[in-house]
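Novice: Below is the structure I would like to discuss, written out as structure tokens.
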Amino acid sequence: MNIGKILIGLLLLAYIGAAAANEPVAVIFDTDIMGDVDDVGSVATLVALVNRGEAKILAMGVCSKGSESVQCLNALNTWFGMPDIGIGVNKGEGFLRDSKYNRQIAEEFPHKLKSADEAPSAALLYRKVLAGQADGSVVMISVGQLSNMSELLKTPADEISPLNGKELVSRKIKAWVCMGAKFPQGKEANIWHHASAAVYAVKEWPTPIIFSGFEIGVKILTGGKLKEAPESSPVRRAYQLYNGIRPHKSWDQTAVLYGVRGIDGGLKEMWDTERGVCTIDADGTNHWQKNHSGRHLILKEKQAPAEVARVIEELMMEEPK
Ligand SMILES: [Ca+2]
């Protein structure tokens with residue numbers, strides 16, 4: 001082979017590599033958009049990554065039982081120019097609490113879905129989108145209780161796919177990035193608010209799970225900059241209703257950021273990871289055991305939280321294209 005052919009070959013390999021690297025990450029996003037406002041910040045973060053060509057959203061789901069949560073999420077997507085993103089809801093047991101912003105966002109911002117009843121089951125919606133994807137290509141990002149994850153695993157084979165939920169997840173999902181639990185041990189809301197679902201989902205999930213624990217997002221303060229966002233923004237409005245647009249903890253945004261930029265080896269400057277096994281007690285208390293062959297990873301603080309906050313907050317300022 002002459003030098004010319006080798007060079008052409010190398011250029012071709014570089015081109016293929018670059019094309020693969022530029023492929024947007026296919027994401028399913030599951031949220032309890034209701035109690036805390038970081039879910040709203042995480043939607044804005046995800047949309048910003050979509051607009052930068054880094055991610056594509058296959059579906060969204062609401063895991064909690066707030067009747068206006070799904071309308072709020074639909075209103076956010078609509079404002080961002082993505083009104084047709086499929087939204088599923090938890091049709092089984094789930095967590096419910098008051099929301100400081102769901103009803104107002106649903107009332108003040110246009111959206112198509114008029115009630116949670118109009119939305120399909122999240123577990124079935126996830127089955128549907130997963131069945132159509134390439135094997136090992138989808139990243140699940142959850143920023144609420146693990147209710148829909150548990151229900152997805154328990155789905156039987158049906159007309160959507162001959163695979164049951166666990167087989168489908170095993171086949172199609174590359175990894176699950178979960179904002180939840182507290183490490184090395186603790187009792188965190190996304191876990192204990194629906195502990196039976198968390199116990200089942202974490203134990204049975206067949207792919208790697210990367211946890212962004214309570215201790216990561218609690219130090220990352222974002223949202224204050226939304227004062228500079230247009231008053232027409234539902235993201236700004238949600239933070240205004242929640243805390244008067246003051247800096248707030250950013251648990252959920254970390255899972256979105258890692259799910260899109262970290263899964264294939266990015267963000268090494270931002271977080272270290274540690275491999276092991278997370279187990280959850282029946283009351284929602286979780287434990288961590290380091291283990292070099294464990295299926296789970298946890299994020300460990302590396303970059304200063306204020307630096308991480310700057311990256312996230314810039315993404316949260318995203319406006320419709
Ligand atoms: Ca949340």
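Following the order of the structure tokens, first chain is A, next is B, and so on, with residues numbered from 1 inside each chain and ligands from 1 in the order they appear.
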If DSSP is run on the backbone, what residues of region 23-101 of chain A are helix (DSSP H, G or I)? A reply as a list in words would be ideal.
Specialist: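 Taking region 23-101 of chain A and keeping helix (DSSP H, G or I) only, one gets Asp38, Asp39, Val40, Gly41, Ser42, Val43, Ala44, Thr45, Leu46, Val47, Ala48, Leu49, Val50, Asn51, Ser69, Val70, Gln71, Cys72, Leu73, Asn74, Ala75, Leu76, Asn77, Thr78 and Trp79 of chain A.
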Novice: Please write out the residues within 6 Å of ligand 1 as a PyMOL selection string, counting only C-alpha atoms and all ligand atoms.
Specialist: chain A and resi 31-33+39+143-144+252
Novice: Output as a tab-separated table one row per residue of region 165-235 of chain A within 8 Å of region 277-292 of chain A: the closest atom pair and its distance in Å to one decimal place, counting only C-alpha atoms, sorted by chain and residue number ascending.
Specialist:
```
residue	atom	partner	partner_atom	distance
A:Ala181	CA	A:Asn286	CA	6.3
A:Lys182	CA	A:Asn286	CA	7.0
A:Phe183	CA	A:Trp288	CA	6.5
A:Pro184	CA	A:Trp288	CA	5.1
A:Gln185	CA	A:His287	CA	4.6
A:Gly186	CA	A:Asn286	CA	5.5
A:Lys187	CA	A:Thr285	CA	4.5
A:Glu188	CA	A:Thr285	CA	7.5
A:Ile191	CA	A:Gly284	CA	5.5
A:Trp192	CA	A:Gly284	CA	4.0
A:His193	CA	A:Gly284	CA	7.7
A:His194	CA	A:Gly284	CA	7.8
A:Ala195	CA	A:Gly284	CA	4.8
A:Ser196	CA	A:Ala282	CA	6.5
A:Ala198	CA	A:Ile280	CA	7.4
A:Val199	CA	A:Ile280	CA	5.4
A:Val202	CA	A:Thr279	CA	7.5
A:Lys203	CA	A:Thr279	CA	7.3
```
Novice: Just the selected residues (C-alpha atoms), exported as a compact mmCIF listing (two decimals), in the first residue's frame, please.
Specialist:
```
# COMPACT_ATOMS: atom_id res chain seq x y z
CA ALA A 181 -29.73 8.54 46.40
CA LYS A 182 -27.03 9.98 48.64
CA PHE A 183 -23.54 8.59 48.84
CA PRO A 184 -21.96 6.76 50.50
CA GLN A 185 -25.19 6.32 52.46
CA GLY A 186 -28.38 8.25 53.04
CA LYS A 187 -32.05 8.77 52.43
CA GLU A 188 -32.82 10.90 49.39
CA ILE A 191 -35.62 7.13 46.35
CA TRP A 192 -37.69 7.16 49.54
CA HIS A 193 -40.71 9.00 48.08
CA HIS A 194 -41.43 5.77 46.17
CA ALA A 195 -39.11 3.33 47.88
CA SER A 196 -40.65 0.10 46.54
CA ALA A 198 -36.59 2.37 43.68
CA VAL A 199 -35.71 -0.94 45.30
CA VAL A 202 -32.15 -0.36 40.89
CA LYS A 203 -31.94 -4.08 41.66
```
Novice: Quote the spacing between CA of Trp79 (chain A) and CA of Ala255 (chain A) in Å to one decimal place.
Specialist: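 Separation of CA of Trp79 (chain A) and CA of Ala255 (chain A): 22.5 Å.
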Novice: Extract, using only C-alpha atoms, all DNA, RNA and protein residues at most 7 Å from region 88-102 of chain A, discarding same-chain residues fewer than 5 positions from it, and format them as a PDB file with N, CA and C atoms, in the first residue's frame.
Specialist:
```
ATOM      1  N   MET A  34     -42.644  19.069  39.677  1.00  0.00           N
ATOM      2  CA  MET A  34     -43.766  19.298  40.591  1.00  0.00           C
ATOM      3  C   MET A  34     -43.280  20.025  41.837  1.00  0.00           C
ATOM      4  N   GLY A  35     -42.529  19.308  42.696  1.00  0.00           N
ATOM      5  CA  GLY A  35     -42.139  19.885  43.980  1.00  0.00           C
ATOM      6  C   GLY A  35     -41.017  20.894  43.840  1.00  0.00           C
ATOM      7  N   MET A  60     -40.440  12.044  26.729  1.00  0.00           N
ATOM      8  CA  MET A  60     -40.353  12.489  28.119  1.00  0.00           C
ATOM      9  C   MET A  60     -41.432  11.769  28.918  1.00  0.00           C
ATOM     10  N   GLY A  61     -41.238  11.705  30.216  1.00  0.00           N
ATOM     11  CA  GLY A  61     -42.248  11.094  31.071  1.00  0.00           C
ATOM     12  C   GLY A  61     -42.316  11.791  32.408  1.00  0.00           C
ATOM     13  N   VAL A  62     -43.511  11.806  32.976  1.00  0.00           N
ATOM     14  CA  VAL A  62     -43.707  12.356  34.317  1.00  0.00           C
ATOM     15  C   VAL A  62     -43.960  11.174  35.252  1.00  0.00           C
ATOM     16  N   CYS A  63     -43.161  11.094  36.317  1.00  0.00           N
ATOM     17  CA  CYS A  63     -43.275   9.939  37.221  1.00  0.00           C
ATOM     18  C   CYS A  63     -44.160  10.218  38.413  1.00  0.00           C
ATOM     19  N   SER A  64     -44.420  11.499  38.691  1.00  0.00           N
ATOM     20  CA  SER A  64     -45.192  11.867  39.874  1.00  0.00           C
ATOM     21  C   SER A  64     -46.663  12.021  39.494  1.00  0.00           C
ATOM     22  N   LYS A  65     -47.505  12.291  40.501  1.00  0.00           N
ATOM     23  CA  LYS A  65     -48.943  12.264  40.258  1.00  0.00           C
ATOM     24  C   LYS A  65     -49.580  13.654  40.237  1.00  0.00           C
ATOM     25  N   GLY A  66     -48.792  14.704  40.083  1.00  0.00           N
ATOM     26  CA  GLY A  66     -49.356  16.051  40.020  1.00  0.00           C
ATOM     27  C   GLY A  66     -50.221  16.187  38.770  1.00  0.00           C
ATOM     28  N   GLU A  68     -51.237  18.737  37.201  1.00  0.00           N
ATOM     29  CA  GLU A  68     -50.828  19.764  36.239  1.00  0.00           C
ATOM     30  C   GLU A  68     -49.359  19.645  35.816  1.00  0.00           C
ATOM     31  N   SER A  69     -48.660  18.632  36.324  1.00  0.00           N
ATOM     32  CA  SER A  69     -47.241  18.477  35.987  1.00  0.00           C
ATOM     33  C   SER A  69     -47.051  18.276  34.490  1.00  0.00           C
ATOM     34  N   CYS A  72     -47.575  21.442  32.569  1.00  0.00           N
ATOM     35  CA  CYS A  72     -46.420  22.321  32.767  1.00  0.00           C
ATOM     36  C   CYS A  72     -45.268  21.897  31.855  1.00  0.00           C
ATOM     37  N   ALA A 116     -53.556  15.199  32.467  1.00  0.00           N
ATOM     38  CA  ALA A 116     -52.677  14.024  32.510  1.00  0.00           C
ATOM     39  C   ALA A 116     -53.355  12.814  31.869  1.00  0.00           C
ATOM     40  N   ALA A 119     -52.461  11.935  28.310  1.00  0.00           N
ATOM     41  CA  ALA A 119     -51.118  11.416  28.001  1.00  0.00           C
ATOM     42  C   ALA A 119     -51.101   9.896  28.156  1.00  0.00           C
ATOM     43  N   PRO A 120     -50.298   9.217  27.337  1.00  0.00           N
ATOM     44  CA  PRO A 120     -50.200   7.752  27.452  1.00  0.00           C
ATOM     45  C   PRO A 120     -49.396   7.344  28.686  1.00  0.00           C
ATOM     46  N   SER A 121     -49.442   6.080  28.992  1.00  0.00           N
ATOM     47  CA  SER A 121     -48.590   5.524  30.052  1.00  0.00           C
ATOM     48  C   SER A 121     -47.118   5.728  29.671  1.00  0.00           C
ATOM     49  N   ALA A 122     -46.347   6.244  30.605  1.00  0.00           N
ATOM     50  CA  ALA A 122     -44.922   6.465  30.314  1.00  0.00           C
ATOM     51  C   ALA A 122     -44.225   5.150  29.985  1.00  0.00           C
ATOM     52  N   LEU A 125     -45.086   4.266  26.474  1.00  0.00           N
ATOM     53  CA  LEU A 125     -44.437   5.199  25.543  1.00  0.00           C
ATOM     54  C   LEU A 125     -42.949   4.862  25.415  1.00  0.00           C
ATOM     55  N   SER A 147     -40.433   5.456  39.654  1.00  0.00           N
ATOM     56  CA  SER A 147     -41.710   4.779  39.404  1.00  0.00           C
ATOM     57  C   SER A 147     -41.819   4.261  37.964  1.00  0.00           C
ATOM     58  N   ASN A 148     -41.528   5.116  36.995  1.00  0.00           N
ATOM     59  CA  ASN A 148     -41.674   4.703  35.594  1.00  0.00           C
ATOM     60  C   ASN A 148     -40.619   3.678  35.180  1.00  0.00           C
ATOM     61  N   HIS A 193     -39.336   8.609  48.410  1.00  0.00           N
ATOM     62  CA  HIS A 193     -40.712   9.002  48.080  1.00  0.00           C
ATOM     63  C   HIS A 193     -41.489   7.883  47.377  1.00  0.00           C
ATOM     64  N   HIS A 194     -40.785   6.962  46.726  1.00  0.00           N
ATOM     65  CA  HIS A 194     -41.430   5.772  46.170  1.00  0.00           C
ATOM     66  C   HIS A 194     -40.422   4.626  46.303  1.00  0.00           C
ATOM     67  N   ALA A 238     -41.113  30.037  36.385  1.00  0.00           N
ATOM     68  CA  ALA A 238     -41.139  28.951  37.380  1.00  0.00           C
ATOM     69  C   ALA A 238     -40.200  29.263  38.551  1.00  0.00           C
ATOM     70  N   LEU A 241     -41.746  31.957  40.716  1.00  0.00           N
ATOM     71  CA  LEU A 241     -42.782  31.427  41.597  1.00  0.00           C
ATOM     72  C   LEU A 241     -42.179  30.580  42.716  1.00  0.00           C
ATOM     73  N   TYR A 242     -41.088  29.920  42.414  1.00  0.00           N
ATOM     74  CA  TYR A 242     -40.512  28.980  43.383  1.00  0.00           C
ATOM     75  C   TYR A 242     -39.739  29.707  44.474  1.00  0.00           C
TER      76      TYR A 242
END
```
Novice: What parts of region 171-252 of chain A does DSSP call strand (DSSP E or B)? I'd like the answer as a PyMOL selection string.
Specialist: chain A and resi 173-179+185-187+209-212+221-222+248-249
Novice: Report, in Å to a single decimal, how far apart CA of Glu314 (chain A) and CA of Leu73 (chain A) are.
Specialist: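 Result for CA of Leu73 (chain A) versus CA of Glu314 (chain A): 20.6 Å, one decimal.
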Novice: Using only C-alpha atoms, find the one residue out of A:Glu167, A:Glu204, A:Glu301, A:Asp272 that sits nearest to Ser150 (chain A).
Specialist: A:Glu204
Novice: Using only C-alpha atoms, which protein or nucleic acid residues come within 8 Å of Pro234 (chain A)? Drop anything in the same chain fewer than 6 positions from it, and give the result as an MDAnalysis selection string.
Specialist: chainID A and resid 75:76 79 105 109
